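*Asks:* Pasting a structure here, questions to come.
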Amino acid sequence: MEKYDHAKVESKWQKIWEENDCFKASEDTSKPKFYGLVEFPYPSGAGMHVGHIKAYSGLEVVCRKRRMEGYNVLFPIGFDAYGLPTENTAIKTGVHPRKVTDTNIEKFTNQLKKVGFSFDWSRVVDTTDEGYYKWTQWIFLKMFEHGLVFRDKTLVNYCPSCKVVLSNEDSQGGKCDICHTDIVQKTKEVWYLRITEYADKLLQGLNEVNYLPNIRLQQENWIGKSTGAFVNFKIKQCDEMLRIYTTRPDTLYGVTFMVIAPEHPIIDKYKDIIGNMEALLDYREQCAKKSEFERTQLVKDKTGVKIDGLTAVNPINGKEIPVYISDYVMMGYGTGAIMAVPAHDTRDYDFAKKFGIDIIEVIKGGDISKEAYTGDGEMVNSEMLNGITNKKDAIEKILTVLEEKGCGEKGVQYKMKDWAFNRQRYWGEPIPIVHCPKCGMVAVPYEELPLKLPPVDDFRPGTDGESPLAKIDSFVNCTCPKCGGAAKRETDTMPQWAGSSWYFLRYCDPKNDKAFASQEALKYWMPVDWYNGGMEHVTRHLIYSRFWHKFLYDIGEVPCSEPYAKRTAQGLILGPDGVKMSKSRGNVIDPNDVVDQYGADVLRVYVLFMGDYEQAAPWNENSMNGCKRFLDRVWQLQDKLVDGDEYRPQLVSAMHKTIKKVTADIESMAFNTAIAAMMTLINTIYDIGSINRAEYKTFITLLNPFAPHITEEIYEKCGFGGMLHEQKWCEYDEALCVDDTVEIAVQVNGKIKSRITIAADADQSEVISLAKQDEKTAAAIEGKSIVKEIYVKGKLVNIVVK
RNA sequence: GCUGCUGUGGCGGAACAGGCAGACGCAAGGGACUUAAAAUCCCUCGGUGGAAACAUCGUGUGGGUUCGAUUCCCAUCAGCAGCACCA
């Protein structure tokens with residue numbers, strides 16, 4: 001047998017697959033469908049990363065298996081092409097982002113094809129394509145129409161030197177990433193999507209889907225639901241209620257002060273009553289100047305100012321308490337005000353200690369002279385609650401009283417914040433809104449979509465944090481669609497998350513220009529049956545896209561409430577040095593080099609064999625050699641081929657066992673053990689010295705999803721007829737997976753003394769008597785009394801003696 | 001700080017609804033083939049003692065439950081990831 005030439009064979013089959021549209025999802029909706037989705041790549045200039053290969057290889061194997069099992073499989077790919085790196089390249093090189101993107105997409109396409117992925121190339125989507133972002137804008141306008149879009153002022157990171165708004169990532173350590181000037185916080189009006197409206201739906205929806213437990217947990221944490229109570233504290237000096245949120249209404253008798261956020265509106269409202277307005281405003285300004293960095297560094301050291309002239313009244317006992325402002329209370333969560341219970345909250349405790357405020361114990365169990373006690377215990381100093389030991393009972397009782405008095409009620413809060421939905425950048429979807437001096441914010445009419453990104457020469461951000469689009473008068477100046485008067489266009493663009501929030505819907509019907517996808521296509525293909533991707537996208541991308549999908553479901557545009565029936569995540573590939581691959585470390589492996597040197601099949605087998613698919617594992621070139629050797633041995637079997645269309649007796653059980661193992665392991669993403677099982681089988685075959693046609697056919701069928709090129713070539717050379725990927729997946733007979741005899745361990749007092757071979761169906765007494773006849777076992781129990789005899793079927797015997 | 005995950009040979013990793021620890025692969029050592037090398041094939045390969053049979057210890061560490069624990073429970077240490085004053 002001639003040596004295997006991977007370059008020749010792989011390009012040969014890639015061409016055949018492409019020319020014959022082998023992996024095109026068919027329109028035949030009578031067949032059962034399977035929709036396998038992988039996260040589409042961002043086409044960066046660096047080209048593909050081995051991480052992409054691992055991410056795609058998992059579902060690639062599943063999808064190839066599904067086709068062989070008779071499913072109509074949709075396994076699409078596309079490009080999430082809007083984003084900053086492309087824009088930065090454009091700024092640096094002067095090449096238009098459109099051109100940069102096209103070049104990169106072409107590069108990625110070639111690389112993906114060289115690995116032999118069975119994507120449906122007729123359905124490629126590109127989020128920057130007009131035919132695509134038309135619908136991104138369309139969905140945005142639908143949300144606008146349904147009141148899910150709003151504008152609000154917020155503090156942003158602003159570099160006074162570059163005159164540009166920066167993301168948190170670009171302003172780490174409180175300095176501008178580009179010029180290292182100190183960042184200031186600036187108030188700016190930005191766009192928001194009201195995702196918080198869907199907080200509960202997003203949480204409840206997790207009950208309908210099958211996500212890995214840790215993925216589900218991260219989503220739950222991100223949404224961050226908490227149940228508690230709203231309580232109204234009267235302000236003594238005026239007719240005003242200060243409303244707070246707490247998860248511990250049971251500690252109401254321990255409240256000794258209140259804290260409100262520095263930006264709380266009550267301050268400005270009662271500036272005439274407040275005696276130290278100047279100090280308060282001064283503190284507020286200091287807080288605004290603090291960077292994200294400072295705010296998180298000074299957790300222990302609490303700061304704040306007491307408000308002179310405002311006193312709150314505890315609704316439960318009428319006690320008067322002082323009110324402070326402090327930046328440890330944030331305007332963005334709850335009501336921006338808290339009741340402080342220093343005895344039982346560490347932050348309140350730190351604050352009270354610093355400002356010399358009373359600390360009243362209301363729950364026994366800790367030592368409040370040393371630290372706050374946050375555990376459970378008997379209620380004290382709490383009048384009606386005294387003596388209650390169960391937190392739940394105490395909360396229930398106090399809530400009843402508060403509700404009767406009309407000064408509080410049960411409440412729910414979420415950590416999740418509304419989604420800041422704009423960027424002052426060029427390379428993104430223009431937000432299709434017009435600002436009219438008369439009509440306010442007006443939507444661009446649907447029939448005018450797409451609102452095209454205008455061509456420009458200068459992609460640099462405008463001054464004062466404006467988008468580059470603001471510099472183009474012909475784009476900015478327009479007429480109001482409502483009143484026809486002069487108006488100005490919104491110049492911000494959407495964030496990169498926008499395009500990826502619905503791409504899985506477009507794949508169902510990617511060329512449609514009447515709708516983002518037809519209802520028939522959506523009904524047939526949705527939901528995605530299995531979505532695999534990285535852990536880093538489990539919170540934002542997954543939540544955002546579920547939100548968009550749920551919105552579309554609510555307005556009747558998609559047939560199912562959840563987009564993804566199942567979600568898994570692959571682990572990172574680390575560099576050979578065991579740390580995350582990065583250009584700066586110089587430990588990046590280029591998949592191209594691997595394909596050239598070893599072939600795509602070896603690369604595919606290796607990334608799946610290197611370890612637990614969900615766990616991170618370092619790259620190891622030597623280990624890849626083992627995979628190459630394995631495939632070479634599979635190839636060389638052609639020299640050992642003998643006739644026969646049934647498994648031979650000495651291989652029957654091994655064949656059926658391997659089919660069973662590989663079939664099950666692919667479903668549980670245990671690709672490494674599936675490959676190990678095939679390696680074991682091939683070792684057995686080499687021991688026997690020959691393989692017959694039936695056995696070989698089964699073997700290459702099992703291996704085909706992992707190494708499609710070499711197996712397709714072997715299949716053809718053996719003349720089995722047709723193409724391998726069109727054949728049926730292998731079946732196994734459970735009865736034939738079992739051996740007639742098994743070797744079991746014999747233990748005495750839990751220590752292995754011997755091994756015996758028994759009939760697989762032997763019963764307990766038979767096995768134990770056999771075990772006792774064994775020489776070594778007999779010696780070990782000689783002269784001792786038997787206390788207990790245990791037989792675990794097919795595994796072991798344990799004789800307990802005294 | 002909180003939440004979650006992970007600790008098994010020289011290395012990547014198997015096994016876990018409690019039941020033979022180290023599958024499979026890599027590396028290493030020895031041998032065969034070769035003028036030689038590569039490739040390939042065969043043997044050894046957790047530690048300690050022993051020529052060997054075998055004994056003994058061994059799944060981060062310390063306890064516990066059990067006839068039996070890598071697997072379950074308690075404590076503890078280390079590494080990784082996410083969140084970060086969330087009231």
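Following the order of the structure tokens, chains are lettered A, B, ..., residues in each are numbered from 1, and ligands are numbered from 1.
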Just need the residues of chain A within 8 Å of chain B, counting only C-alpha atoms (C1' of nucleotides), so spit them out as a PyMOL selection string.
*Replies:* chain A and resi 214+218+245-247+296+299+328-329+333-334+338-339+347+415+610-612+617-618+620+622-623+626-627+673+675-677+679-680+744-745+749-750+752+788+790+792+795-796+798-800
*Asks:* Go ahead and save the residues from that selection, with N, CA and C atoms, as a compact mmCIF listing (two decimals), in the first residue's frame.
*Replies:*
# COMPACT_ATOMS: atom_id res chain seq x y z
N ASN A 214 -23.68 24.41 34.53
CA ASN A 214 -22.90 25.63 34.84
C ASN A 214 -23.29 26.80 33.94
N GLN A 218 -24.75 30.33 35.39
CA GLN A 218 -24.19 31.65 35.05
C GLN A 218 -25.28 32.60 34.56
N TYR A 245 -35.34 49.29 49.16
CA TYR A 245 -35.52 47.87 48.88
C TYR A 245 -34.62 47.09 49.83
N THR A 246 -35.12 46.03 50.39
CA THR A 246 -34.30 45.20 51.27
C THR A 246 -34.67 43.73 51.12
N THR A 247 -33.67 42.86 51.32
CA THR A 247 -33.97 41.42 51.32
C THR A 247 -34.18 40.95 52.75
N THR A 296 -14.03 50.20 42.85
CA THR A 296 -13.98 48.81 43.29
C THR A 296 -12.81 48.55 44.24
N VAL A 299 -13.36 49.16 48.71
CA VAL A 299 -14.56 48.54 49.23
C VAL A 299 -14.68 48.69 50.75
N TYR A 328 -21.53 53.76 48.22
CA TYR A 328 -21.70 52.30 48.25
C TYR A 328 -23.15 51.92 47.97
N VAL A 329 -23.99 52.93 47.88
CA VAL A 329 -25.35 52.69 47.41
C VAL A 329 -25.44 53.25 46.00
N TYR A 333 -29.53 50.22 41.23
CA TYR A 333 -30.10 48.98 41.75
C TYR A 333 -31.13 49.31 42.82
N GLY A 334 -32.21 48.59 42.84
CA GLY A 334 -33.26 48.85 43.81
C GLY A 334 -33.81 50.24 43.61
N ILE A 338 -31.19 52.73 50.82
CA ILE A 338 -31.26 51.54 51.67
C ILE A 338 -31.58 51.93 53.11
N MET A 339 -32.13 50.95 53.83
CA MET A 339 -32.19 51.08 55.28
C MET A 339 -30.94 50.36 55.77
N ARG A 347 -21.40 45.88 55.10
CA ARG A 347 -21.15 47.23 54.55
C ARG A 347 -21.69 48.30 55.48
N LYS A 415 -30.45 41.92 39.22
CA LYS A 415 -29.15 42.58 39.04
C LYS A 415 -28.99 43.04 37.60
N MET A 610 -7.62 15.37 22.51
CA MET A 610 -6.66 15.95 23.46
C MET A 610 -7.15 15.97 24.90
N GLY A 611 -8.41 15.79 25.13
CA GLY A 611 -8.89 15.78 26.52
C GLY A 611 -10.39 15.91 26.58
N ASP A 612 -10.88 16.12 27.77
CA ASP A 612 -12.31 16.36 27.97
C ASP A 612 -12.72 17.58 27.15
N ALA A 617 -7.33 22.45 27.67
CA ALA A 617 -6.19 21.53 27.58
C ALA A 617 -5.08 22.17 26.75
N PRO A 618 -3.83 21.96 27.15
CA PRO A 618 -2.72 22.55 26.40
C PRO A 618 -2.43 21.81 25.11
N ASN A 620 -0.26 20.00 22.37
CA ASN A 620 0.93 19.17 22.47
C ASN A 620 1.19 18.50 21.12
N ASN A 622 3.46 16.51 20.15
CA ASN A 622 3.78 15.08 20.20
C ASN A 622 2.52 14.23 20.19
N SER A 623 1.52 14.68 20.97
CA SER A 623 0.28 13.92 21.04
C SER A 623 -0.38 13.85 19.68
N GLY A 626 0.54 10.94 17.68
CA GLY A 626 -0.19 9.71 17.99
C GLY A 626 -1.43 9.59 17.14
N CYS A 627 -2.09 10.73 16.89
CA CYS A 627 -3.30 10.71 16.07
C CYS A 627 -2.96 10.42 14.62
N THR A 673 -12.97 9.70 24.44
CA THR A 673 -13.09 8.26 24.71
C THR A 673 -13.65 7.52 23.50
N ILE A 675 -12.74 8.16 20.45
CA ILE A 675 -11.54 7.91 19.64
C ILE A 675 -10.68 6.83 20.29
N ALA A 676 -10.58 6.88 21.62
CA ALA A 676 -9.81 5.86 22.34
C ALA A 676 -10.38 4.47 22.07
N ALA A 677 -11.71 4.39 22.01
CA ALA A 677 -12.35 3.08 21.76
C ALA A 677 -11.99 2.58 20.36
N MET A 679 -9.27 3.36 18.75
CA MET A 679 -7.85 2.99 18.80
C MET A 679 -7.70 1.59 19.40
N THR A 680 -8.49 1.33 20.43
CA THR A 680 -8.43 0.01 21.07
C THR A 680 -8.84 -1.07 20.07
N ILE A 744 -13.31 -11.57 37.12
CA ILE A 744 -13.67 -10.71 38.25
C ILE A 744 -12.58 -10.75 39.31
N ALA A 745 -12.60 -9.75 40.15
CA ALA A 745 -11.61 -9.66 41.21
C ALA A 745 -12.16 -10.34 42.46
N ASN A 749 -11.57 -8.93 52.74
CA ASN A 749 -11.57 -7.69 53.52
C ASN A 749 -11.25 -6.46 52.66
N GLY A 750 -11.73 -6.47 51.45
CA GLY A 750 -11.57 -5.31 50.59
C GLY A 750 -10.24 -5.22 49.87
N ILE A 752 -7.59 -6.96 47.17
CA ILE A 752 -7.61 -7.93 46.10
C ILE A 752 -6.59 -9.02 46.34
N LYS A 788 -19.22 -11.96 56.11
CA LYS A 788 -20.10 -11.47 55.07
C LYS A 788 -19.51 -11.85 53.71
N ILE A 790 -19.93 -10.77 49.62
CA ILE A 790 -20.57 -9.83 48.69
C ILE A 790 -20.16 -10.18 47.27
N VAL A 792 -20.66 -8.50 43.48
CA VAL A 792 -21.17 -7.47 42.57
C VAL A 792 -21.08 -8.05 41.17
N LYS A 795 -18.32 -7.94 38.45
CA LYS A 795 -17.23 -7.04 38.87
C LYS A 795 -16.31 -7.71 39.88
N LEU A 796 -16.88 -8.02 41.05
CA LEU A 796 -16.00 -8.59 42.07
C LEU A 796 -16.73 -9.34 43.17
N ASN A 798 -16.27 -9.98 47.37
CA ASN A 798 -15.55 -9.55 48.57
C ASN A 798 -15.96 -10.45 49.73
N ILE A 799 -14.97 -11.11 50.32
CA ILE A 799 -15.25 -11.98 51.46
C ILE A 799 -14.72 -11.29 52.72
N VAL A 800 -15.63 -11.00 53.64
CA VAL A 800 -15.22 -10.31 54.86
C VAL A 800 -15.01 -11.34 55.96
*Asks:* List every residue of stretch 482-636 of chain A that DSSP, applied to the backbone of this structure, assigns to strand (DSSP E), and report them as a list in words.
*Replies:*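 Secondary structure check on stretch 482-636 of chain A, strand (DSSP E): Ala486, Ala487, Lys488, Arg489, Trp530, Tyr531, Asn532, Gly533, Gly534, Lys566, Arg567, Thr568, Ala569, Gln570, Ile573, Leu574, Ala617 and Pro618 of chain A.
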*Asks:* Could you dump the residues just selected with N, CA, C and O atoms as a tab-separated table (two decimals), in the first residue's frame?
*Replies:*
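What ended up in result.tsv:
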chain	number	residue	atom	x	y	z
A	486	ALA	N	-37.38	69.64	8.62
A	486	ALA	CA	-35.96	69.33	8.69
A	486	ALA	C	-35.68	68.58	10.00
A	486	ALA	O	-36.21	68.93	11.05
A	487	ALA	N	-34.86	67.56	9.88
A	487	ALA	CA	-34.53	66.77	11.06
A	487	ALA	C	-33.12	66.23	10.94
A	487	ALA	O	-32.48	66.40	9.89
A	488	LYS	N	-32.65	65.62	12.03
A	488	LYS	CA	-31.29	65.06	11.99
A	488	LYS	C	-31.32	63.58	12.33
A	488	LYS	O	-32.09	63.14	13.19
A	489	ARG	N	-30.46	62.87	11.63
A	489	ARG	CA	-30.40	61.43	11.89
A	489	ARG	C	-29.57	61.12	13.13
A	489	ARG	O	-28.61	61.81	13.42
A	530	TRP	N	-29.21	22.02	18.92
A	530	TRP	CA	-27.99	21.92	19.73
A	530	TRP	C	-27.08	23.09	19.36
A	530	TRP	O	-26.73	23.25	18.21
A	531	TYR	N	-26.75	23.89	20.35
A	531	TYR	CA	-25.91	25.07	20.13
A	531	TYR	C	-24.64	24.89	20.96
A	531	TYR	O	-24.71	24.72	22.17
A	532	ASN	N	-23.51	24.92	20.30
A	532	ASN	CA	-22.25	24.82	21.03
A	532	ASN	C	-21.42	26.07	20.81
A	532	ASN	O	-21.39	26.63	19.72
A	533	GLY	N	-20.72	26.49	21.86
A	533	GLY	CA	-19.86	27.67	21.74
A	533	GLY	C	-19.01	27.84	22.97
A	533	GLY	O	-18.88	26.91	23.77
A	534	GLY	N	-18.45	29.01	23.13
A	534	GLY	CA	-17.52	29.24	24.23
A	534	GLY	C	-18.23	29.69	25.50
A	534	GLY	O	-19.30	30.28	25.45
A	566	LYS	N	-30.77	23.18	23.36
A	566	LYS	CA	-29.66	22.61	24.12
A	566	LYS	C	-28.42	23.47	23.90
A	566	LYS	O	-28.17	23.91	22.79
A	567	ARG	N	-27.67	23.68	24.96
A	567	ARG	CA	-26.45	24.48	24.80
A	567	ARG	C	-25.30	23.82	25.55
A	567	ARG	O	-25.44	23.46	26.72
A	568	THR	N	-24.19	23.66	24.86
A	568	THR	CA	-22.98	23.13	25.48
A	568	THR	C	-21.84	24.10	25.22
A	568	THR	O	-22.00	25.06	24.47
A	569	ALA	N	-20.71	23.86	25.86
A	569	ALA	CA	-19.57	24.75	25.67
A	569	ALA	C	-18.28	23.94	25.68
A	569	ALA	O	-18.12	23.02	26.48
A	570	GLN	N	-17.39	24.29	24.77
A	570	GLN	CA	-16.10	23.60	24.72
A	570	GLN	C	-15.07	24.35	25.55
A	570	GLN	O	-15.22	25.54	25.78
A	573	ILE	N	-8.35	25.85	24.11
A	573	ILE	CA	-7.07	25.21	23.83
A	573	ILE	C	-5.99	26.16	24.32
A	573	ILE	O	-5.94	27.32	23.91
A	574	LEU	N	-5.17	25.68	25.24
A	574	LEU	CA	-4.09	26.53	25.76
A	574	LEU	C	-2.86	26.33	24.90
A	574	LEU	O	-2.75	25.37	24.15
A	617	ALA	N	-7.33	22.45	27.67
A	617	ALA	CA	-6.19	21.53	27.58
A	617	ALA	C	-5.08	22.17	26.75
A	617	ALA	O	-5.35	22.86	25.78
A	618	PRO	N	-3.83	21.96	27.15
A	618	PRO	CA	-2.72	22.55	26.40
A	618	PRO	C	-2.43	21.81	25.11
A	618	PRO	O	-2.64	20.60	25.02
*Asks:* Would you pick out the contacts of A:Tyr544 at 9 Å or less, using only C-alpha atoms (C1' of nucleotides), so that residues sharing its chain but fewer than 6 positions from it are not included, and give the list as a PDB file with all heavy atoms, in the first residue's frame?
*Replies:*
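Saved file selection.pdb follows:
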ATOM      1  N   ILE A 195     -34.154  45.281  28.374  1.00  0.00           N
ATOM      2  CA  ILE A 195     -34.053  43.827  28.555  1.00  0.00           C
ATOM      3  C   ILE A 195     -34.577  43.423  29.929  1.00  0.00           C
ATOM      4  O   ILE A 195     -35.035  42.299  30.122  1.00  0.00           O
ATOM      5  CB  ILE A 195     -32.583  43.355  28.343  1.00  0.00           C
ATOM      6  CG1 ILE A 195     -32.504  41.820  28.276  1.00  0.00           C
ATOM      7  CG2 ILE A 195     -31.661  43.876  29.419  1.00  0.00           C
ATOM      8  CD1 ILE A 195     -31.141  41.298  27.874  1.00  0.00           C
ATOM      9  N   TRP A 419     -29.813  47.187  28.588  1.00  0.00           N
ATOM     10  CA  TRP A 419     -28.706  46.953  27.668  1.00  0.00           C
ATOM     11  C   TRP A 419     -28.354  48.252  26.935  1.00  0.00           C
ATOM     12  O   TRP A 419     -29.158  48.739  26.150  1.00  0.00           O
ATOM     13  CB  TRP A 419     -29.141  45.841  26.730  1.00  0.00           C
ATOM     14  CG  TRP A 419     -28.228  45.470  25.623  1.00  0.00           C
ATOM     15  CD1 TRP A 419     -26.959  45.895  25.380  1.00  0.00           C
ATOM     16  CD2 TRP A 419     -28.535  44.546  24.579  1.00  0.00           C
ATOM     17  NE1 TRP A 419     -26.458  45.288  24.262  1.00  0.00           N
ATOM     18  CE2 TRP A 419     -27.397  44.467  23.754  1.00  0.00           C
ATOM     19  CE3 TRP A 419     -29.655  43.756  24.268  1.00  0.00           C
ATOM     20  CZ2 TRP A 419     -27.365  43.640  22.630  1.00  0.00           C
ATOM     21  CZ3 TRP A 419     -29.611  42.952  23.152  1.00  0.00           C
ATOM     22  CH2 TRP A 419     -28.470  42.898  22.344  1.00  0.00           C
ATOM     23  N   TRP A 497     -23.007  43.166  19.434  1.00  0.00           N
ATOM     24  CA  TRP A 497     -23.928  42.110  19.875  1.00  0.00           C
ATOM     25  C   TRP A 497     -25.212  42.057  19.049  1.00  0.00           C
ATOM     26  O   TRP A 497     -25.932  41.071  19.097  1.00  0.00           O
ATOM     27  CB  TRP A 497     -24.320  42.337  21.334  1.00  0.00           C
ATOM     28  CG  TRP A 497     -23.161  42.459  22.259  1.00  0.00           C
ATOM     29  CD1 TRP A 497     -22.699  43.598  22.850  1.00  0.00           C
ATOM     30  CD2 TRP A 497     -22.303  41.415  22.702  1.00  0.00           C
ATOM     31  NE1 TRP A 497     -21.615  43.328  23.634  1.00  0.00           N
ATOM     32  CE2 TRP A 497     -21.347  41.990  23.554  1.00  0.00           C
ATOM     33  CE3 TRP A 497     -22.260  40.044  22.452  1.00  0.00           C
ATOM     34  CZ2 TRP A 497     -20.348  41.254  24.170  1.00  0.00           C
ATOM     35  CZ3 TRP A 497     -21.262  39.307  23.057  1.00  0.00           C
ATOM     36  CH2 TRP A 497     -20.314  39.908  23.904  1.00  0.00           C
ATOM     37  N   ALA A 498     -25.511  43.143  18.330  1.00  0.00           N
ATOM     38  CA  ALA A 498     -26.799  43.221  17.640  1.00  0.00           C
ATOM     39  C   ALA A 498     -26.945  42.127  16.582  1.00  0.00           C
ATOM     40  O   ALA A 498     -27.881  41.322  16.621  1.00  0.00           O
ATOM     41  CB  ALA A 498     -26.967  44.594  17.018  1.00  0.00           C
ATOM     42  N   SER A 500     -25.473  39.388  16.085  1.00  0.00           N
ATOM     43  CA  SER A 500     -25.419  37.994  16.529  1.00  0.00           C
ATOM     44  C   SER A 500     -26.627  37.614  17.379  1.00  0.00           C
ATOM     45  O   SER A 500     -26.725  36.488  17.839  1.00  0.00           O
ATOM     46  CB  SER A 500     -24.136  37.746  17.318  1.00  0.00           C
ATOM     47  OG  SER A 500     -24.085  38.591  18.458  1.00  0.00           O
ATOM     48  N   SER A 501     -27.541  38.571  17.586  1.00  0.00           N
ATOM     49  CA  SER A 501     -28.685  38.276  18.441  1.00  0.00           C
ATOM     50  C   SER A 501     -29.808  37.539  17.723  1.00  0.00           C
ATOM     51  O   SER A 501     -30.774  37.129  18.337  1.00  0.00           O
ATOM     52  CB  SER A 501     -29.244  39.572  19.044  1.00  0.00           C
ATOM     53  OG  SER A 501     -28.335  40.072  19.991  1.00  0.00           O
TER      54      SER A 501
END
*Asks:* Would you work out the distance separating atom CA of A:Lys107 from atom CA of A:Pro430, expressed in Å to one decimal?
*Replies:* 26.5 Å
*Asks:* Using only C-alpha atoms (C1' of nucleotides), which protein or nucleic acid residues come within 12 Å of B:C54? Drop anything in the same chain fewer than 3 positions from it, and give the result as an MDAnalysis selection string.
*Replies:* (chainID A and resid 753 776) or (chainID B and resid 49:50)
*Asks:* Just all heavy atoms for this one: save the residues we selected as a JSON list (two decimals), in the first residue's frame.
*Replies:*
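And here is the file that came out, again01.json:
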[["chain", "number", "residue", "atom", "x", "y", "z"],
["A", 753, "LYS", "N", -7.08, -10.24, 46.31],
["A", 753, "LYS", "CA", -6.19, -11.38, 46.53],
["A", 753, "LYS", "C", -5.97, -12.14, 45.23],
["A", 753, "LYS", "O", -4.93, -12.77, 45.06],
["A", 753, "LYS", "CB", -6.80, -12.32, 47.57],
["A", 753, "LYS", "CG", -6.84, -11.75, 48.97],
["A", 753, "LYS", "CD", -5.43, -11.56, 49.52],
["A", 753, "LYS", "CE", -5.47, -10.67, 50.76],
["A", 753, "LYS", "NZ", -4.14, -10.26, 51.20],
["A", 776, "LYS", "N", -5.25, -18.72, 46.32],
["A", 776, "LYS", "CA", -4.80, -17.55, 47.10],
["A", 776, "LYS", "C", -5.89, -17.07, 48.05],
["A", 776, "LYS", "O", -5.62, -16.66, 49.18],
["A", 776, "LYS", "CB", -4.40, -16.42, 46.17],
["A", 776, "LYS", "CG", -3.11, -16.70, 45.43],
["A", 776, "LYS", "CD", -2.85, -15.61, 44.43],
["A", 776, "LYS", "CE", -1.91, -16.10, 43.34],
["A", 776, "LYS", "NZ", -2.11, -15.36, 42.09],
["B", 49, "G", "P", 14.00, 1.07, 46.74],
["B", 49, "G", "OP1", 15.33, 1.51, 47.23],
["B", 49, "G", "OP2", 13.72, 1.01, 45.30],
["B", 49, "G", "O5'", 13.66, -0.34, 47.38],
["B", 49, "G", "C5'", 13.86, -0.57, 48.78],
["B", 49, "G", "C4'", 13.36, -1.94, 49.15],
["B", 49, "G", "O4'", 11.92, -2.00, 48.97],
["B", 49, "G", "C3'", 13.87, -3.09, 48.30],
["B", 49, "G", "O3'", 15.19, -3.47, 48.62],
["B", 49, "G", "C2'", 12.86, -4.18, 48.63],
["B", 49, "G", "O2'", 13.10, -4.75, 49.90],
["B", 49, "G", "C1'", 11.56, -3.35, 48.68],
["B", 49, "G", "N9", 10.87, -3.38, 47.37],
["B", 49, "G", "C8", 10.99, -2.49, 46.33],
["B", 49, "G", "N7", 10.26, -2.82, 45.30],
["B", 49, "G", "C5", 9.63, -4.00, 45.68],
["B", 49, "G", "C6", 8.72, -4.83, 44.97],
["B", 49, "G", "O6", 8.26, -4.67, 43.83],
["B", 49, "G", "N1", 8.33, -5.94, 45.74],
["B", 49, "G", "C2", 8.77, -6.21, 47.00],
["B", 49, "G", "N2", 8.30, -7.32, 47.56],
["B", 49, "G", "N3", 9.63, -5.45, 47.68],
["B", 49, "G", "C4", 10.01, -4.37, 46.96],
["B", 50, "G", "P", 16.11, -3.99, 47.47],
["B", 50, "G", "OP1", 17.37, -4.36, 48.11],
["B", 50, "G", "OP2", 16.10, -3.05, 46.33],
["B", 50, "G", "O5'", 15.36, -5.31, 47.00],
["B", 50, "G", "C5'", 15.51, -6.52, 47.75],
["B", 50, "G", "C4'", 14.74, -7.64, 47.08],
["B", 50, "G", "O4'", 13.35, -7.26, 46.96],
["B", 50, "G", "C3'", 15.15, -7.93, 45.64],
["B", 50, "G", "O3'", 16.34, -8.69, 45.54],
["B", 50, "G", "C2'", 13.91, -8.68, 45.14],
["B", 50, "G", "O2'", 13.88, -10.01, 45.61],
["B", 50, "G", "C1'", 12.79, -7.85, 45.81],
["B", 50, "G", "N9", 12.36, -6.80, 44.88],
["B", 50, "G", "C8", 12.87, -5.53, 44.75],
["B", 50, "G", "N7", 12.29, -4.84, 43.79],
["B", 50, "G", "C5", 11.37, -5.72, 43.26],
["B", 50, "G", "C6", 10.44, -5.55, 42.19],
["B", 50, "G", "O6", 10.27, -4.56, 41.48],
["B", 50, "G", "N1", 9.69, -6.70, 41.98],
["B", 50, "G", "C2", 9.81, -7.86, 42.70],
["B", 50, "G", "N2", 9.00, -8.86, 42.33],
["B", 50, "G", "N3", 10.66, -8.04, 43.69],
["B", 50, "G", "C4", 11.40, -6.93, 43.92]]
*Asks:* For atom CA of A:Ala199 and atom CA of A:Met331, quote the distance in Å rounded to one decimal.
*Replies:*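 Here the two named atoms are 18.8 Å from each other.
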